[in-house]
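Engineer: Dropping a structure here in structure tokens format, bear with me for questions.
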Amino acid sequence: MSRSGLAPDWPRACSRPTTSTRRTGRGRVFRNPELTPEVLLASACLPTFFQAIEIDGEAYWDGGYTGNPTITPLVQECVASDTLLVQVNPIERPGTPRGARDIPDRLNEVSFNATLLKELRMMAVLRQVSDPGNSEGARWAQMRIHRIASPMMTELGYSSKLNGEWSFLCMLRDEDRRCAAEFLHAHKQDIGHRSTLDIDDFLEPDATYPAIVLFSYDFGTSTIAEGGHPCAPTSLSPQRCVSPA
């Protein structure tokens, strides 16, 4: 997103494209210094349409299978407390798909959205904890979430994803710019102060979440447990912590 017209003290954007490793099935997140045309191609490489992109001898596919997008490195590695989601795959789509192409297309959307919804739910749960601690759990709980989306995405069918005509691409570009301008007009003053996306909507209705399970990617640090109680650090594996009764 362009910084033009925004607060001059805003931090620079963090870019963390995610890819899926063909050999292991695990995701790989590339950092800013690693960004190349091959990385961007790999992050959009659907295996049913394109050959895998090789980077340093490893083959990669679209990262949507493992993280779409992966919010974790943005929380862990970036100083910004605002995450702006530009949504391409609709979470909700009216009607029931019945065609041979429509059904797998919707399944693809559901699978690509699953990892994102999981992380958003974790953020919402952490916000319900009275004391999320002062480490990574607190950063998750304090992250402000925003979303730019177009209702047009639910109107486009399977064939649109194969449409490479210049006029169609220009139409998508113009729609993207319109949505971004609309978002900034409505929420420019909210960025840096409050979320504009209510992630509590992604929680199950009437559900209670007595325990918080947070896996540490640095096995030498502690994690946050139920009610904000810290776990003892471990050098062996991530752990699930439950506070004493």
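Lettering and numbering for the structure tokens are positional, with chains as A, B, ... in the shown order, residues counted from 1 in each chain, and ligands counted from 1 in the shown order.
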With a distance cut-off of 6 Å and only C-alpha atoms, select the neighbouring residues of segment 73-82 of chain A, excluding the residue or stretch itself and same-chain residues fewer than 4 positions from it, and output the selection as JSON, numbers by chain.
Structural biologist: {"A": [143, 144, 145]}
Engineer: Which residues are close to segment 170-180 of chain A, i.e. within 10 Å by only C-alpha atoms, leaving aside same-chain residues fewer than 4 positions away? Reply as a PDB file with all heavy atoms, in the first residue's frame.
Structural biologist:
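Now in out.pdb:
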```
ATOM      1  N   MET A   1       0.847  -1.179   0.000  1.00  0.00           N
ATOM      2  CA  MET A   1       0.000   0.000   0.000  1.00  0.00           C
ATOM      3  C   MET A   1       0.883   1.229   0.000  1.00  0.00           C
ATOM      4  O   MET A   1       1.849   1.310   0.744  1.00  0.00           O
ATOM      5  CB  MET A   1      -0.912   0.007   1.223  1.00  0.00           C
ATOM      6  CG  MET A   1      -1.862   1.189   1.270  1.00  0.00           C
ATOM      7  SD  MET A   1      -3.026   1.072   2.669  1.00  0.00           S
ATOM      8  CE  MET A   1      -1.879   1.249   4.047  1.00  0.00           C
ATOM      9  N   VAL A  86      -5.665  -7.873   2.192  1.00  0.00           N
ATOM     10  CA  VAL A  86      -6.295  -7.615   0.893  1.00  0.00           C
ATOM     11  C   VAL A  86      -6.860  -8.946   0.426  1.00  0.00           C
ATOM     12  O   VAL A  86      -6.121  -9.822  -0.011  1.00  0.00           O
ATOM     13  CB  VAL A  86      -5.290  -7.032  -0.117  1.00  0.00           C
ATOM     14  CG1 VAL A  86      -5.975  -6.773  -1.459  1.00  0.00           C
ATOM     15  CG2 VAL A  86      -4.669  -5.748   0.423  1.00  0.00           C
ATOM     16  N   VAL A  88      -8.616 -11.708  -1.649  1.00  0.00           N
ATOM     17  CA  VAL A  88      -8.899 -12.092  -3.031  1.00  0.00           C
ATOM     18  C   VAL A  88      -9.903 -13.235  -3.059  1.00  0.00           C
ATOM     19  O   VAL A  88     -10.887 -13.201  -3.818  1.00  0.00           O
ATOM     20  CB  VAL A  88      -7.600 -12.475  -3.759  1.00  0.00           C
ATOM     21  CG1 VAL A  88      -7.906 -12.939  -5.174  1.00  0.00           C
ATOM     22  CG2 VAL A  88      -6.641 -11.296  -3.789  1.00  0.00           C
ATOM     23  N   ARG A 147      -9.263  -4.962   6.663  1.00  0.00           N
ATOM     24  CA  ARG A 147      -9.476  -5.771   5.462  1.00  0.00           C
ATOM     25  C   ARG A 147      -9.990  -4.906   4.321  1.00  0.00           C
ATOM     26  O   ARG A 147     -10.853  -4.064   4.502  1.00  0.00           O
ATOM     27  CB  ARG A 147     -10.478  -6.895   5.741  1.00  0.00           C
ATOM     28  CG  ARG A 147     -10.792  -7.745   4.503  1.00  0.00           C
ATOM     29  CD  ARG A 147     -11.693  -8.914   4.840  1.00  0.00           C
ATOM     30  NE  ARG A 147     -13.001  -8.476   5.315  1.00  0.00           N
ATOM     31  CZ  ARG A 147     -13.953  -9.328   5.712  1.00  0.00           C
ATOM     32  NH1 ARG A 147     -13.729 -10.631   5.707  1.00  0.00           N
ATOM     33  NH2 ARG A 147     -15.115  -8.868   6.128  1.00  0.00           N
ATOM     34  N   ILE A 148      -9.410  -5.158   3.139  1.00  0.00           N
ATOM     35  CA  ILE A 148      -9.921  -4.572   1.902  1.00  0.00           C
ATOM     36  C   ILE A 148     -10.461  -5.723   1.063  1.00  0.00           C
ATOM     37  O   ILE A 148      -9.748  -6.693   0.796  1.00  0.00           O
ATOM     38  CB  ILE A 148      -8.824  -3.818   1.129  1.00  0.00           C
ATOM     39  CG1 ILE A 148      -8.326  -2.613   1.928  1.00  0.00           C
ATOM     40  CG2 ILE A 148      -9.345  -3.371  -0.234  1.00  0.00           C
ATOM     41  CD1 ILE A 148      -7.225  -1.836   1.239  1.00  0.00           C
ATOM     42  N   ALA A 149     -11.723  -5.624   0.684  1.00  0.00           N
ATOM     43  CA  ALA A 149     -12.348  -6.690  -0.107  1.00  0.00           C
ATOM     44  C   ALA A 149     -13.348  -6.062  -1.056  1.00  0.00           C
ATOM     45  O   ALA A 149     -13.869  -4.967  -0.814  1.00  0.00           O
ATOM     46  CB  ALA A 149     -13.029  -7.715   0.794  1.00  0.00           C
ATOM     47  N   SER A 150     -13.612  -6.761  -2.138  1.00  0.00           N
ATOM     48  CA  SER A 150     -14.574  -6.284  -3.126  1.00  0.00           C
ATOM     49  C   SER A 150     -15.707  -7.287  -3.256  1.00  0.00           C
ATOM     50  O   SER A 150     -15.467  -8.486  -3.387  1.00  0.00           O
ATOM     51  CB  SER A 150     -13.891  -6.103  -4.492  1.00  0.00           C
ATOM     52  OG  SER A 150     -14.861  -5.868  -5.504  1.00  0.00           O
ATOM     53  N   PRO A 151     -16.955  -6.822  -3.253  1.00  0.00           N
ATOM     54  CA  PRO A 151     -18.079  -7.737  -3.462  1.00  0.00           C
ATOM     55  C   PRO A 151     -18.055  -8.384  -4.841  1.00  0.00           C
ATOM     56  O   PRO A 151     -18.699  -9.406  -5.050  1.00  0.00           O
ATOM     57  CB  PRO A 151     -19.308  -6.832  -3.283  1.00  0.00           C
ATOM     58  CG  PRO A 151     -18.812  -5.438  -3.529  1.00  0.00           C
ATOM     59  CD  PRO A 151     -17.402  -5.420  -3.045  1.00  0.00           C
ATOM     60  N   MET A 152     -17.280  -7.813  -5.741  1.00  0.00           N
ATOM     61  CA  MET A 152     -17.186  -8.376  -7.088  1.00  0.00           C
ATOM     62  C   MET A 152     -16.595  -9.777  -7.066  1.00  0.00           C
ATOM     63  O   MET A 152     -16.876 -10.601  -7.946  1.00  0.00           O
ATOM     64  CB  MET A 152     -16.338  -7.467  -7.987  1.00  0.00           C
ATOM     65  CG  MET A 152     -16.190  -7.966  -9.411  1.00  0.00           C
ATOM     66  SD  MET A 152     -15.062  -6.960 -10.392  1.00  0.00           S
ATOM     67  CE  MET A 152     -15.964  -5.417 -10.452  1.00  0.00           C
ATOM     68  N   MET A 153     -15.775 -10.093  -6.055  1.00  0.00           N
ATOM     69  CA  MET A 153     -15.120 -11.389  -6.019  1.00  0.00           C
ATOM     70  C   MET A 153     -16.120 -12.536  -5.930  1.00  0.00           C
ATOM     71  O   MET A 153     -15.859 -13.636  -6.415  1.00  0.00           O
ATOM     72  CB  MET A 153     -14.149 -11.453  -4.830  1.00  0.00           C
ATOM     73  CG  MET A 153     -12.969 -10.502  -4.913  1.00  0.00           C
ATOM     74  SD  MET A 153     -11.900 -10.773  -6.353  1.00  0.00           S
ATOM     75  CE  MET A 153     -12.453  -9.461  -7.455  1.00  0.00           C
ATOM     76  N   GLU A 165      -7.015 -11.910 -20.333  1.00  0.00           N
ATOM     77  CA  GLU A 165      -7.198 -10.809 -21.266  1.00  0.00           C
ATOM     78  C   GLU A 165      -6.853  -9.483 -20.596  1.00  0.00           C
ATOM     79  O   GLU A 165      -7.173  -9.255 -19.432  1.00  0.00           O
ATOM     80  CB  GLU A 165      -8.638 -10.788 -21.778  1.00  0.00           C
ATOM     81  CG  GLU A 165      -9.016 -12.019 -22.594  1.00  0.00           C
ATOM     82  CD  GLU A 165     -10.431 -11.940 -23.110  1.00  0.00           C
ATOM     83  OE1 GLU A 165     -11.105 -10.903 -22.858  1.00  0.00           O
ATOM     84  OE2 GLU A 165     -10.886 -12.908 -23.751  1.00  0.00           O
ATOM     85  N   TRP A 166      -6.199  -8.608 -21.364  1.00  0.00           N
ATOM     86  CA  TRP A 166      -5.720  -7.348 -20.811  1.00  0.00           C
ATOM     87  C   TRP A 166      -6.853  -6.489 -20.271  1.00  0.00           C
ATOM     88  O   TRP A 166      -6.730  -5.874 -19.212  1.00  0.00           O
ATOM     89  CB  TRP A 166      -4.950  -6.587 -21.871  1.00  0.00           C
ATOM     90  CG  TRP A 166      -4.363  -5.299 -21.368  1.00  0.00           C
ATOM     91  CD1 TRP A 166      -4.710  -4.036 -21.725  1.00  0.00           C
ATOM     92  CD2 TRP A 166      -3.323  -5.150 -20.389  1.00  0.00           C
ATOM     93  NE1 TRP A 166      -3.969  -3.104 -21.044  1.00  0.00           N
ATOM     94  CE2 TRP A 166      -3.102  -3.761 -20.221  1.00  0.00           C
ATOM     95  CE3 TRP A 166      -2.569  -6.059 -19.646  1.00  0.00           C
ATOM     96  CZ2 TRP A 166      -2.160  -3.261 -19.343  1.00  0.00           C
ATOM     97  CZ3 TRP A 166      -1.614  -5.549 -18.765  1.00  0.00           C
ATOM     98  CH2 TRP A 166      -1.424  -4.166 -18.619  1.00  0.00           C
ATOM     99  N   LEU A 184      -9.475   3.748   2.507  1.00  0.00           N
ATOM    100  CA  LEU A 184      -8.736   4.858   3.109  1.00  0.00           C
ATOM    101  C   LEU A 184      -9.667   6.012   3.448  1.00  0.00           C
ATOM    102  O   LEU A 184      -9.492   6.684   4.481  1.00  0.00           O
ATOM    103  CB  LEU A 184      -7.632   5.324   2.163  1.00  0.00           C
ATOM    104  CG  LEU A 184      -6.422   4.395   2.038  1.00  0.00           C
ATOM    105  CD1 LEU A 184      -5.450   4.936   0.994  1.00  0.00           C
ATOM    106  CD2 LEU A 184      -5.724   4.232   3.373  1.00  0.00           C
ATOM    107  N   HIS A 185     -10.640   6.258   2.609  1.00  0.00           N
ATOM    108  CA  HIS A 185     -11.587   7.341   2.893  1.00  0.00           C
ATOM    109  C   HIS A 185     -12.378   7.051   4.171  1.00  0.00           C
ATOM    110  O   HIS A 185     -12.626   7.960   4.970  1.00  0.00           O
ATOM    111  CB  HIS A 185     -12.555   7.515   1.714  1.00  0.00           C
ATOM    112  CG  HIS A 185     -13.595   8.572   1.950  1.00  0.00           C
ATOM    113  ND1 HIS A 185     -13.315   9.927   1.908  1.00  0.00           N
ATOM    114  CD2 HIS A 185     -14.931   8.462   2.248  1.00  0.00           C
ATOM    115  CE1 HIS A 185     -14.424  10.610   2.173  1.00  0.00           C
ATOM    116  NE2 HIS A 185     -15.409   9.751   2.385  1.00  0.00           N
ATOM    117  N   ALA A 186     -12.735   5.780   4.367  1.00  0.00           N
ATOM    118  CA  ALA A 186     -13.561   5.421   5.516  1.00  0.00           C
ATOM    119  C   ALA A 186     -12.746   5.170   6.777  1.00  0.00           C
ATOM    120  O   ALA A 186     -13.234   5.435   7.891  1.00  0.00           O
ATOM    121  CB  ALA A 186     -14.391   4.184   5.185  1.00  0.00           C
TER     122      ALA A 186
END
```
Engineer: Sorted by chain and rising residue number, list the residues of segment 33-90 of chain A at most 8 Å from segment 99-114 of chain A (counting only C-alpha atoms), each with its closest atom pair and distance in Å to one decimal, as a Markdown table.
Structural biologist:
```
| residue | atom | partner | partner_atom | distance |
| --- | --- | --- | --- | --- |
| A:Gly64 | CA | A:Phe112 | CA | 5.1 |
| A:Tyr65 | CA | A:Phe112 | CA | 5.9 |
| A:Thr66 | CA | A:Phe112 | CA | 8.0 |
| A:Gly67 | CA | A:Phe112 | CA | 7.5 |
| A:Asn68 | CA | A:Phe112 | CA | 6.0 |
| A:Asn89 | CA | A:Glu109 | CA | 6.0 |
| A:Pro90 | CA | A:Glu109 | CA | 7.2 |
```
Engineer: Go ahead and write the residues just picked, C-alpha atoms, as a PDB file, in the first residue's frame.
Structural biologist:
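Result went into again.pdb, see below:
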```pdb
ATOM      1  CA  GLY A  64      -1.940 -20.755  -0.011  1.00  0.00           C
ATOM      2  CA  TYR A  65      -1.821 -24.449   0.863  1.00  0.00           C
ATOM      3  CA  THR A  66       0.156 -23.749   4.046  1.00  0.00           C
ATOM      4  CA  GLY A  67      -0.552 -20.092   4.849  1.00  0.00           C
ATOM      5  CA  ASN A  68      -2.787 -17.608   3.049  1.00  0.00           C
ATOM      6  CA  ASN A  89     -10.599 -15.371  -2.146  1.00  0.00           C
ATOM      7  CA  PRO A  90     -14.063 -14.715  -0.681  1.00  0.00           C
TER       8      PRO A  90
END
```
Engineer: I need the strand (DSSP E) residues of segment 37-127 of chain A per DSSP on the backbone, written as a list of chain:residue names.
Structural biologist: A:Ile53, A:Glu54, A:Ile55, A:Glu58, A:Ala59, A:Tyr60, A:Trp61, A:Asp62, A:Asp82, A:Thr83, A:Leu84, A:Leu85, A:Val86
Engineer: Go ahead and write the selection's residues with N, CA and C atoms as a JSON list (two decimals), in the first residue's frame.
Structural biologist:
```json
[["chain", "number", "residue", "atom", "x", "y", "z"],
["A", 53, "ILE", "N", 8.14, -23.89, -9.25],
["A", 53, "ILE", "CA", 9.24, -22.94, -9.40],
["A", 53, "ILE", "C", 10.41, -23.40, -8.53],
["A", 54, "GLU", "N", 11.56, -23.56, -9.13],
["A", 54, "GLU", "CA", 12.74, -24.01, -8.38],
["A", 54, "GLU", "C", 13.54, -22.82, -7.89],
["A", 55, "ILE", "N", 13.87, -22.86, -6.60],
["A", 55, "ILE", "CA", 14.70, -21.83, -5.97],
["A", 55, "ILE", "C", 15.77, -22.56, -5.16],
["A", 58, "GLU", "N", 15.24, -26.30, -4.75],
["A", 58, "GLU", "CA", 14.00, -26.77, -4.11],
["A", 58, "GLU", "C", 12.82, -26.27, -4.93],
["A", 59, "ALA", "N", 11.82, -27.14, -5.12],
["A", 59, "ALA", "CA", 10.64, -26.79, -5.90],
["A", 59, "ALA", "C", 9.53, -26.28, -4.99],
["A", 60, "TYR", "N", 8.87, -25.20, -5.43],
["A", 60, "TYR", "CA", 7.85, -24.57, -4.60],
["A", 60, "TYR", "C", 6.55, -24.39, -5.38],
["A", 61, "TRP", "N", 5.44, -24.45, -4.62],
["A", 61, "TRP", "CA", 4.11, -24.15, -5.13],
["A", 61, "TRP", "C", 3.54, -22.95, -4.39],
["A", 62, "ASP", "N", 2.33, -22.58, -4.75],
["A", 62, "ASP", "CA", 1.61, -21.49, -4.10],
["A", 62, "ASP", "C", 1.56, -21.71, -2.59],
["A", 82, "ASP", "N", -0.48, -3.00, 12.96],
["A", 82, "ASP", "CA", -1.63, -3.05, 12.07],
["A", 82, "ASP", "C", -1.35, -4.03, 10.94],
["A", 83, "THR", "N", -2.28, -4.95, 10.70],
["A", 83, "THR", "CA", -2.19, -5.87, 9.58],
["A", 83, "THR", "C", -3.34, -5.58, 8.63],
["A", 84, "LEU", "N", -3.01, -5.32, 7.38],
["A", 84, "LEU", "CA", -4.02, -5.02, 6.36],
["A", 84, "LEU", "C", -4.15, -6.22, 5.43],
["A", 85, "LEU", "N", -5.31, -6.87, 5.45],
["A", 85, "LEU", "CA", -5.59, -8.02, 4.60],
["A", 85, "LEU", "C", -6.25, -7.54, 3.32],
["A", 86, "VAL", "N", -5.67, -7.87, 2.19],
["A", 86, "VAL", "CA", -6.29, -7.61, 0.89],
["A", 86, "VAL", "C", -6.86, -8.95, 0.43]]
```
Engineer: For atom CA of Thr154 of chain A and atom CA of Arg93 of chain A, determine how far apart the two atoms are, in Å to one decimal place.
Structural biologist: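 Answer for the atom CA of Thr154 of chain A to atom CA of Arg93 of chain A separation: 5.8 Å.
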Engineer: Give the helix (DSSP H, G or I) residues of segment 4-195 of chain A, as DSSP finds them on the backbone, and put them as a ChimeraX atom specification.
Structural biologist: /A:32-34,37-42,63-65,72-77,102-127,136-142,151-154,158-162,166-187
Engineer: What is the distance, in Å and to one decimal place, between atom CA of Arg28 of chain A and atom CA of Ala138 of chain A?
Structural biologist: 24.7 Å
Engineer: Hey, can you check how far atom CA of Arg139 of chain A sits from atom CA of His187 of chain A?
Structural biologist: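 About the pair atom CA of Arg139 of chain A and atom CA of His187 of chain A: they are 22.0 Å apart.
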